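K.L.:
Contents of input05.pdb (PDB, C-alpha atoms) are given next:
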```pdb
ATOM      1  CA  MET A   1     -29.805  15.284  86.888
ATOM      2  CA  THR A   2     -28.690  18.365  84.971
ATOM      3  CA  THR A   3     -29.401  18.955  81.281
ATOM      4  CA  SER A   4     -27.103  21.241  79.292
ATOM      5  CA  THR A   5     -27.591  22.165  75.652
ATOM      6  CA  TYR A   6     -25.004  23.305  73.125
ATOM      7  CA  THR A   7     -24.857  24.076  69.440
ATOM      8  CA  VAL A   8     -21.994  22.422  67.585
ATOM      9  CA  THR A   9     -20.901  23.554  64.133
ATOM     10  CA  GLY A  10     -18.948  21.656  61.515
ATOM     11  CA  MET A  11     -20.428  18.181  61.844
ATOM     12  CA  THR A  12     -21.168  16.715  58.418
ATOM     13  CA  CYS A  13     -21.855  13.015  58.918
ATOM     14  CA  GLY A  14     -22.511  10.220  61.355
ATOM     15  CA  HIS A  15     -18.812   9.829  62.069
ATOM     16  CA  CYS A  16     -18.733  13.430  63.267
ATOM     17  CA  VAL A  17     -21.713  12.752  65.522
ATOM     18  CA  SER A  18     -19.948   9.724  66.979
ATOM     19  CA  ALA A  19     -16.762  11.680  67.578
ATOM     20  CA  VAL A  20     -18.614  14.403  69.502
ATOM     21  CA  ARG A  21     -20.674  11.882  71.446
ATOM     22  CA  GLU A  22     -17.557   9.967  72.429
ATOM     23  CA  GLU A  23     -15.524  12.964  73.587
ATOM     24  CA  VAL A  24     -18.357  14.594  75.531
ATOM     25  CA  GLY A  25     -19.273  11.221  77.001
ATOM     26  CA  ARG A  26     -15.824  10.988  78.565
ATOM     27  CA  ILE A  27     -16.420  13.997  80.809
ATOM     28  CA  PRO A  28     -16.768  12.710  84.381
ATOM     29  CA  GLY A  29     -20.402  12.703  85.495
ATOM     30  CA  VAL A  30     -21.903  12.689  81.999
ATOM     31  CA  GLU A  31     -24.699  10.156  81.760
ATOM     32  CA  SER A  32     -26.013  10.716  78.249
ATOM     33  CA  VAL A  33     -25.153  12.717  75.142
ATOM     34  CA  ASP A  34     -27.686  13.273  72.402
ATOM     35  CA  VAL A  35     -26.372  14.757  69.164
ATOM     36  CA  ASP A  36     -28.498  15.948  66.249
ATOM     37  CA  LEU A  37     -26.477  16.187  63.068
ATOM     38  CA  THR A  38     -28.830  18.467  61.152
ATOM     39  CA  SER A  39     -29.296  21.129  63.800
ATOM     40  CA  GLY A  40     -25.967  20.644  65.571
ATOM     41  CA  ARG A  41     -27.876  20.494  68.842
ATOM     42  CA  VAL A  42     -26.114  18.544  71.580
ATOM     43  CA  VAL A  43     -27.979  17.744  74.797
ATOM     44  CA  VAL A  44     -25.901  16.494  77.694
ATOM     45  CA  GLU A  45     -27.321  14.946  80.828
ATOM     46  CA  SER A  46     -25.104  14.749  83.865
ATOM     47  CA  ALA A  47     -25.363  13.788  87.496
ATOM     48  CA  ALA A  48     -24.069  17.214  88.566
ATOM     49  CA  PRO A  49     -23.848  20.513  86.649
ATOM     50  CA  LEU A  50     -21.026  20.627  84.078
ATOM     51  CA  THR A  51     -18.855  23.613  83.315
ATOM     52  CA  ASP A  52     -19.278  24.943  79.811
ATOM     53  CA  SER A  53     -15.515  25.013  79.441
ATOM     54  CA  ASP A  54     -15.284  21.251  79.969
ATOM     55  CA  VAL A  55     -17.913  20.604  77.325
ATOM     56  CA  LEU A  56     -16.458  23.098  74.843
ATOM     57  CA  ALA A  57     -13.012  21.572  75.346
ATOM     58  CA  ALA A  58     -14.376  18.059  74.696
ATOM     59  CA  VAL A  59     -16.083  19.210  71.487
ATOM     60  CA  ASP A  60     -12.876  20.959  70.450
ATOM     61  CA  GLU A  61     -10.974  17.732  71.100
ATOM     62  CA  ALA A  62     -13.355  15.984  68.697
ATOM     63  CA  GLY A  63     -12.491  18.613  66.097
ATOM     64  CA  TYR A  64     -15.561  20.886  66.193
ATOM     65  CA  GLU A  65     -16.746  24.111  67.777
ATOM     66  CA  ALA A  66     -19.540  24.484  70.279
ATOM     67  CA  VAL A  67     -21.393  27.330  71.934
ATOM     68  CA  PRO A  68     -23.868  27.093  74.804
ATOM     69  CA  ALA A  69     -27.386  27.088  73.323
TER      70      ALA A  69
ATOM     71  CA  MET B   1       2.218  -3.061  40.993
ATOM     72  CA  THR B   2      -1.281  -2.303  39.714
ATOM     73  CA  THR B   3      -3.007   1.050  40.120
ATOM     74  CA  SER B   4      -6.816   1.194  40.099
ATOM     75  CA  THR B   5      -8.857   4.371  40.319
ATOM     76  CA  TYR B   6     -12.421   4.810  41.534
ATOM     77  CA  THR B   7     -14.794   7.650  42.220
ATOM     78  CA  VAL B   8     -16.528   7.504  45.593
ATOM     79  CA  THR B   9     -19.599   9.572  46.368
ATOM     80  CA  GLY B  10     -20.994  10.568  49.742
ATOM     81  CA  MET B  11     -17.816  11.343  51.667
ATOM     82  CA  THR B  12     -18.175  14.589  53.604
ATOM     83  CA  CYS B  13     -15.275  14.759  56.046
ATOM     84  CA  GLY B  14     -11.983  13.301  57.149
ATOM     85  CA  HIS B  15     -13.731  10.534  59.071
ATOM     86  CA  CYS B  16     -15.337   9.374  55.826
ATOM     87  CA  VAL B  17     -11.941   9.369  54.146
ATOM     88  CA  SER B  18     -10.512   7.268  56.977
ATOM     89  CA  ALA B  19     -13.388   4.795  56.798
ATOM     90  CA  VAL B  20     -12.898   4.263  53.056
ATOM     91  CA  ARG B  21      -9.136   4.031  53.398
ATOM     92  CA  GLU B  22      -9.456   1.469  56.165
ATOM     93  CA  GLU B  23     -11.950  -0.802  54.401
ATOM     94  CA  VAL B  24     -10.199  -0.728  51.039
ATOM     95  CA  GLY B  25      -6.861  -1.226  52.781
ATOM     96  CA  ARG B  26      -8.125  -4.534  54.178
ATOM     97  CA  ILE B  27      -8.436  -6.107  50.725
ATOM     98  CA  PRO B  28      -5.666  -8.713  50.401
ATOM     99  CA  GLY B  29      -2.835  -7.442  48.227
ATOM    100  CA  VAL B  30      -3.619  -3.742  48.647
ATOM    101  CA  GLU B  31      -0.462  -1.767  49.353
ATOM    102  CA  SER B  32      -1.708   1.796  49.411
ATOM    103  CA  VAL B  33      -4.984   3.696  49.280
ATOM    104  CA  ASP B  34      -5.084   7.388  48.456
ATOM    105  CA  VAL B  35      -8.405   9.153  49.015
ATOM    106  CA  ASP B  36      -9.224  12.705  47.953
ATOM    107  CA  LEU B  37     -12.212  14.046  49.839
ATOM    108  CA  THR B  38     -13.049  16.888  47.473
ATOM    109  CA  SER B  39     -13.048  14.932  44.227
ATOM    110  CA  GLY B  40     -13.961  11.556  45.683
ATOM    111  CA  ARG B  41     -11.054  10.075  43.762
ATOM    112  CA  VAL B  42      -9.628   6.897  45.300
ATOM    113  CA  VAL B  43      -6.387   5.464  43.948
ATOM    114  CA  VAL B  44      -5.510   1.950  45.034
ATOM    115  CA  GLU B  45      -2.134   0.335  44.517
ATOM    116  CA  SER B  46      -1.918  -3.420  44.775
ATOM    117  CA  ALA B  47       0.624  -6.150  44.207
ATOM    118  CA  ALA B  48      -1.717  -7.894  41.748
ATOM    119  CA  PRO B  49      -4.781  -6.609  39.879
ATOM    120  CA  LEU B  50      -7.896  -6.236  42.050
ATOM    121  CA  THR B  51     -11.419  -7.044  41.002
ATOM    122  CA  ASP B  52     -13.686  -4.021  40.882
ATOM    123  CA  SER B  53     -16.274  -5.978  42.826
ATOM    124  CA  ASP B  54     -13.910  -6.393  45.778
ATOM    125  CA  VAL B  55     -13.179  -2.670  45.859
ATOM    126  CA  LEU B  56     -16.807  -1.644  45.397
ATOM    127  CA  ALA B  57     -17.814  -4.044  48.177
ATOM    128  CA  ALA B  58     -15.191  -2.561  50.521
ATOM    129  CA  VAL B  59     -16.385   0.978  49.825
ATOM    130  CA  ASP B  60     -19.966  -0.164  50.371
ATOM    131  CA  GLU B  61     -18.908  -1.691  53.681
ATOM    132  CA  ALA B  62     -17.553   1.714  54.682
ATOM    133  CA  GLY B  63     -20.967   3.200  53.880
ATOM    134  CA  TYR B  64     -20.348   4.853  50.513
ATOM    135  CA  GLU B  65     -20.745   4.156  46.810
ATOM    136  CA  ALA B  66     -17.973   3.794  44.272
ATOM    137  CA  VAL B  67     -17.691   3.452  40.515
ATOM    138  CA  PRO B  68     -14.554   2.630  38.519
ATOM    139  CA  ALA B  69     -13.077   5.913  37.249
TER     140      ALA B  69
END
```
Re-express the file's structure as structure tokens.
P.N.:
Amino acid sequence: MTTSTYTVTGMTCGHCVSAVREEVGRIPGVESVDVDLTSGRVVVESAAPLTDSDVLAAVDEAGYEAVPA
Amino acid sequence: MTTSTYTVTGMTCGHCVSAVREEVGRIPGVESVDVDLTSGRVVVESAAPLTDSDVLAAVDEAGYEAVPA
């Protein structure tokens, strides 16, 4: 299991959290996505290491911006 | 056509706007729902007059609070 952490900006409510969780959760191999609204911290667990670009693209698809933390 | 206006508090993003629009739009007789995120102003057009309680209940269902404007 690999754990990757990102900081996402722009989330303002629970709907935003759900949108990020859903898009990141669609990445093949992702097993869990934990999103903290207040800090913007997103912790992703996956069976194999993810590429940052896949995660950043998924967050972008949800409508937000992420950087590796 | 009847136009009713409400002020909704607590909306922070486009997802919130969509949630309010969707719930209020489900009230029988509602023909359009216009939601302004910045002001919280919600304008509802309906074939017949709505009861405030139906609209306030729909906004509550979406997770926000409304008062007649």
K.L.:
Could you write out chain A as a short mmCIF file (atom, residue, chain, number, x, y, z; two decimals) with C-alpha atoms, keeping the file's coordinate frame once it has been least-squares superposed on chain B using every ordered C-alpha pair?
P.N.:
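Listed below is the output, result.cif:
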```cif
data_model
loop_
_atom_site.label_atom_id
_atom_site.label_comp_id
_atom_site.auth_asym_id
_atom_site.auth_seq_id
_atom_site.Cartn_x
_atom_site.Cartn_y
_atom_site.Cartn_z
CA MET A 1 2.23 -3.06 40.99
CA THR A 2 -1.27 -2.31 39.72
CA THR A 3 -3.00 1.05 40.12
CA SER A 4 -6.80 1.19 40.10
CA THR A 5 -8.86 4.37 40.32
CA TYR A 6 -12.42 4.81 41.54
CA THR A 7 -14.80 7.65 42.22
CA VAL A 8 -16.53 7.50 45.59
CA THR A 9 -19.61 9.58 46.37
CA GLY A 10 -21.00 10.59 49.74
CA MET A 11 -17.82 11.35 51.67
CA THR A 12 -18.18 14.59 53.60
CA CYS A 13 -15.28 14.75 56.06
CA GLY A 14 -11.99 13.29 57.16
CA HIS A 15 -13.72 10.53 59.08
CA CYS A 16 -15.34 9.38 55.84
CA VAL A 17 -11.94 9.37 54.15
CA SER A 18 -10.51 7.27 56.97
CA ALA A 19 -13.39 4.82 56.80
CA VAL A 20 -12.90 4.27 53.06
CA ARG A 21 -9.13 4.03 53.40
CA GLU A 22 -9.46 1.46 56.16
CA GLU A 23 -11.96 -0.79 54.40
CA VAL A 24 -10.19 -0.73 51.03
CA GLY A 25 -6.87 -1.23 52.79
CA ARG A 26 -8.12 -4.53 54.18
CA ILE A 27 -8.43 -6.10 50.73
CA PRO A 28 -5.67 -8.71 50.40
CA GLY A 29 -2.83 -7.44 48.22
CA VAL A 30 -3.61 -3.74 48.64
CA GLU A 31 -0.46 -1.78 49.35
CA SER A 32 -1.71 1.79 49.41
CA VAL A 33 -4.98 3.70 49.27
CA ASP A 34 -5.08 7.38 48.46
CA VAL A 35 -8.40 9.14 49.01
CA ASP A 36 -9.22 12.70 47.96
CA LEU A 37 -12.22 14.04 49.83
CA THR A 38 -13.05 16.89 47.46
CA SER A 39 -13.04 14.94 44.22
CA GLY A 40 -13.96 11.55 45.69
CA ARG A 41 -11.05 10.07 43.77
CA VAL A 42 -9.64 6.90 45.30
CA VAL A 43 -6.39 5.46 43.95
CA VAL A 44 -5.51 1.95 45.02
CA GLU A 45 -2.14 0.34 44.51
CA SER A 46 -1.91 -3.41 44.77
CA ALA A 47 0.63 -6.14 44.21
CA ALA A 48 -1.70 -7.90 41.76
CA PRO A 49 -4.77 -6.62 39.87
CA LEU A 50 -7.89 -6.24 42.04
CA THR A 51 -11.42 -7.04 40.99
CA ASP A 52 -13.69 -4.03 40.88
CA SER A 53 -16.28 -5.97 42.83
CA ASP A 54 -13.91 -6.39 45.78
CA VAL A 55 -13.18 -2.67 45.85
CA LEU A 56 -16.82 -1.65 45.41
CA ALA A 57 -17.82 -4.04 48.19
CA ALA A 58 -15.18 -2.57 50.53
CA VAL A 59 -16.39 0.98 49.82
CA ASP A 60 -19.97 -0.17 50.37
CA GLU A 61 -18.91 -1.69 53.69
CA ALA A 62 -17.56 1.72 54.69
CA GLY A 63 -20.96 3.19 53.88
CA TYR A 64 -20.35 4.85 50.50
CA GLU A 65 -20.75 4.16 46.80
CA ALA A 66 -17.97 3.80 44.27
CA VAL A 67 -17.69 3.46 40.52
CA PRO A 68 -14.57 2.64 38.52
CA ALA A 69 -13.09 5.92 37.26
#
```
K.L.:
For each of B:Ser39, B:Thr9, B:Thr2, B:Ser18, take the minimum atom-to-atom distance to chain A, counting only C-alpha atoms, then give the residue where this is smallest.
P.N.:
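The closest residue to chain A is B:Ser18.
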K.L.:
Which residues, named as in the file, does the ChimeraX specification (/A :<12) & /B pick out? Answer as a list of chain:residue names.
P.N.:
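What the ChimeraX specification (/A :<12) & /B grabs from the file is B:Gly10, B:Met11, B:Thr12, B:Cys13, B:Gly14, B:His15, B:Cys16, B:Val17, B:Ser18, B:Ala19, B:Ala62, B:Gly63, B:Tyr64.
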K.L.:
Which residue gives the smallest distance to Leu37 (chain B) among B:Val20, B:Thr51, B:Glu65, B:Val59, with only C-alpha atoms counted?
P.N.:
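For Leu37 (chain B), the nearest of the candidates is B:Val20.
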K.L.:
What does the structure give for the distance between CA of Arg41 (chain B) and CA of Pro28 (chain B), in Å to one decimal?
P.N.:
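Computing it gives 20.6 Å between the two atoms.
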K.L.:
What separation in Å, quoted to one decimal, exists between CA of Tyr6 (chain A) and CA of Val67 (chain A)?
P.N.:
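Separating CA of Tyr6 (chain A) from CA of Val67 (chain A) is a distance of 5.5 Å.
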K.L.:
Show which residues sit within 6 Å of Thr5 (chain A), as JSON, numbers by chain. Count only C-alpha atoms, and ignore same-chain residues fewer than 2 positions away.
P.N.:
{"A": [42, 43, 69]}
K.L.:
Create the file for the chosen residues now, containing C-alpha atoms and written as a PDB file, in the coordinates of the input.
P.N.:
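The resulting file, part.pdb, is shown below:
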```pdb
ATOM      1  CA  VAL A  42     -26.114  18.544  71.580  1.00  0.00           C
ATOM      2  CA  VAL A  43     -27.979  17.744  74.797  1.00  0.00           C
ATOM      3  CA  ALA A  69     -27.386  27.088  73.323  1.00  0.00           C
TER       4      ALA A  69
END
```
K.L.:
Would you work out the distance separating CA of Ser46 (chain A) from CA of Glu61 (chain A), expressed in Å to one decimal?
P.N.:
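That distance, rounded to one decimal, is 19.3 Å.
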K.L.:
Using the chain letters and numbers from this file, what does the PyMOL selection byres ((chain A and resi 32) around 12) select? Give the answer as a ChimeraX atom specification.
P.N.:
/A:1-5,21-31,33-35,42-47
K.L.:
Can you write just those residues out, C-alpha atoms, as a PDB file, keeping the file's coordinate frame?
P.N.:
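Output saved as result03.pdb:
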```
ATOM      1  CA  MET A   1     -29.805  15.284  86.888  1.00  0.00           C
ATOM      2  CA  THR A   2     -28.690  18.365  84.971  1.00  0.00           C
ATOM      3  CA  THR A   3     -29.401  18.955  81.281  1.00  0.00           C
ATOM      4  CA  SER A   4     -27.103  21.241  79.292  1.00  0.00           C
ATOM      5  CA  THR A   5     -27.591  22.165  75.652  1.00  0.00           C
ATOM      6  CA  ARG A  21     -20.674  11.882  71.446  1.00  0.00           C
ATOM      7  CA  GLU A  22     -17.557   9.967  72.429  1.00  0.00           C
ATOM      8  CA  GLU A  23     -15.524  12.964  73.587  1.00  0.00           C
ATOM      9  CA  VAL A  24     -18.357  14.594  75.531  1.00  0.00           C
ATOM     10  CA  GLY A  25     -19.273  11.221  77.001  1.00  0.00           C
ATOM     11  CA  ARG A  26     -15.824  10.988  78.565  1.00  0.00           C
ATOM     12  CA  ILE A  27     -16.420  13.997  80.809  1.00  0.00           C
ATOM     13  CA  PRO A  28     -16.768  12.710  84.381  1.00  0.00           C
ATOM     14  CA  GLY A  29     -20.402  12.703  85.495  1.00  0.00           C
ATOM     15  CA  VAL A  30     -21.903  12.689  81.999  1.00  0.00           C
ATOM     16  CA  GLU A  31     -24.699  10.156  81.760  1.00  0.00           C
ATOM     17  CA  VAL A  33     -25.153  12.717  75.142  1.00  0.00           C
ATOM     18  CA  ASP A  34     -27.686  13.273  72.402  1.00  0.00           C
ATOM     19  CA  VAL A  35     -26.372  14.757  69.164  1.00  0.00           C
ATOM     20  CA  VAL A  42     -26.114  18.544  71.580  1.00  0.00           C
ATOM     21  CA  VAL A  43     -27.979  17.744  74.797  1.00  0.00           C
ATOM     22  CA  VAL A  44     -25.901  16.494  77.694  1.00  0.00           C
ATOM     23  CA  GLU A  45     -27.321  14.946  80.828  1.00  0.00           C
ATOM     24  CA  SER A  46     -25.104  14.749  83.865  1.00  0.00           C
ATOM     25  CA  ALA A  47     -25.363  13.788  87.496  1.00  0.00           C
TER      26      ALA A  47
END
```
K.L.:
Please write all heavy atoms of region 37-49 of chain B, from the structure given just now, as a short mmCIF file (atom, residue, chain, number, x, y, z; two decimals), in the first residue's frame.
P.N.:
```
data_model
loop_
_atom_site.label_atom_id
_atom_site.label_comp_id
_atom_site.auth_asym_id
_atom_site.auth_seq_id
_atom_site.Cartn_x
_atom_site.Cartn_y
_atom_site.Cartn_z
N LEU B 37 -25.37 32.99 -6.00
CA LEU B 37 -24.50 32.55 -4.92
C LEU B 37 -24.06 33.70 -4.02
O LEU B 37 -24.08 33.59 -2.79
CB LEU B 37 -23.27 31.85 -5.52
CG LEU B 37 -22.14 31.49 -4.56
CD1 LEU B 37 -22.61 30.55 -3.48
CD2 LEU B 37 -20.98 30.87 -5.34
N THR B 38 -23.67 34.80 -4.62
CA THR B 38 -23.09 35.90 -3.85
C THR B 38 -24.10 36.53 -2.89
O THR B 38 -23.80 36.76 -1.71
CB THR B 38 -22.53 36.97 -4.80
OG1 THR B 38 -21.68 36.34 -5.74
CG2 THR B 38 -21.75 38.02 -4.02
N SER B 39 -25.29 36.79 -3.38
CA SER B 39 -26.29 37.46 -2.54
C SER B 39 -27.16 36.47 -1.78
O SER B 39 -27.83 36.85 -0.82
CB SER B 39 -27.20 38.32 -3.43
OG SER B 39 -27.92 37.50 -4.33
N GLY B 40 -27.18 35.23 -2.22
CA GLY B 40 -28.07 34.24 -1.61
C GLY B 40 -29.51 34.37 -2.08
O GLY B 40 -30.40 33.69 -1.58
N ARG B 41 -29.73 35.24 -3.04
CA ARG B 41 -31.09 35.49 -3.52
C ARG B 41 -31.58 34.33 -4.40
O ARG B 41 -30.90 33.94 -5.35
CB ARG B 41 -31.07 36.78 -4.32
CG ARG B 41 -32.43 37.28 -4.81
CD ARG B 41 -32.18 38.59 -5.58
NE ARG B 41 -33.38 39.07 -6.25
CZ ARG B 41 -34.25 39.89 -5.68
NH1 ARG B 41 -34.06 40.32 -4.46
NH2 ARG B 41 -35.33 40.28 -6.34
N VAL B 42 -32.76 33.83 -4.08
CA VAL B 42 -33.35 32.73 -4.84
C VAL B 42 -34.72 33.18 -5.34
O VAL B 42 -35.58 33.56 -4.54
CB VAL B 42 -33.50 31.47 -3.97
CG1 VAL B 42 -34.22 30.37 -4.73
CG2 VAL B 42 -32.13 30.98 -3.49
N VAL B 43 -34.89 33.18 -6.64
CA VAL B 43 -36.15 33.60 -7.24
C VAL B 43 -36.81 32.38 -7.88
O VAL B 43 -36.22 31.70 -8.72
CB VAL B 43 -35.92 34.70 -8.31
CG1 VAL B 43 -37.25 35.12 -8.92
CG2 VAL B 43 -35.20 35.89 -7.69
N VAL B 44 -38.03 32.12 -7.42
CA VAL B 44 -38.75 30.93 -7.86
C VAL B 44 -39.98 31.34 -8.65
O VAL B 44 -40.79 32.14 -8.17
CB VAL B 44 -39.19 30.08 -6.63
CG1 VAL B 44 -39.79 28.76 -7.10
CG2 VAL B 44 -38.03 29.85 -5.68
N GLU B 45 -40.12 30.81 -9.84
CA GLU B 45 -41.33 31.05 -10.62
C GLU B 45 -42.16 29.77 -10.60
O GLU B 45 -41.64 28.67 -10.79
CB GLU B 45 -40.98 31.43 -12.06
CG GLU B 45 -40.43 32.85 -12.16
CD GLU B 45 -40.36 33.32 -13.61
OE1 GLU B 45 -40.27 32.45 -14.52
OE2 GLU B 45 -40.39 34.53 -13.84
N SER B 46 -43.45 29.95 -10.39
CA SER B 46 -44.33 28.79 -10.32
C SER B 46 -45.67 29.11 -10.98
O SER B 46 -46.07 30.27 -11.09
CB SER B 46 -44.57 28.39 -8.86
OG SER B 46 -45.03 29.50 -8.12
N ALA B 47 -46.33 28.04 -11.42
CA ALA B 47 -47.60 28.19 -12.11
C ALA B 47 -48.64 28.77 -11.15
O ALA B 47 -49.45 29.61 -11.54
CB ALA B 47 -48.05 26.83 -12.64
N ALA B 48 -48.62 28.31 -9.90
CA ALA B 48 -49.55 28.81 -8.88
C ALA B 48 -48.72 29.25 -7.68
O ALA B 48 -47.56 28.85 -7.55
CB ALA B 48 -50.52 27.70 -8.48
N PRO B 49 -49.28 30.07 -6.80
CA PRO B 49 -48.51 30.51 -5.63
C PRO B 49 -48.02 29.32 -4.80
O PRO B 49 -48.74 28.34 -4.62
CB PRO B 49 -49.52 31.34 -4.84
CG PRO B 49 -50.49 31.83 -5.87
CD PRO B 49 -50.61 30.71 -6.86
#
```
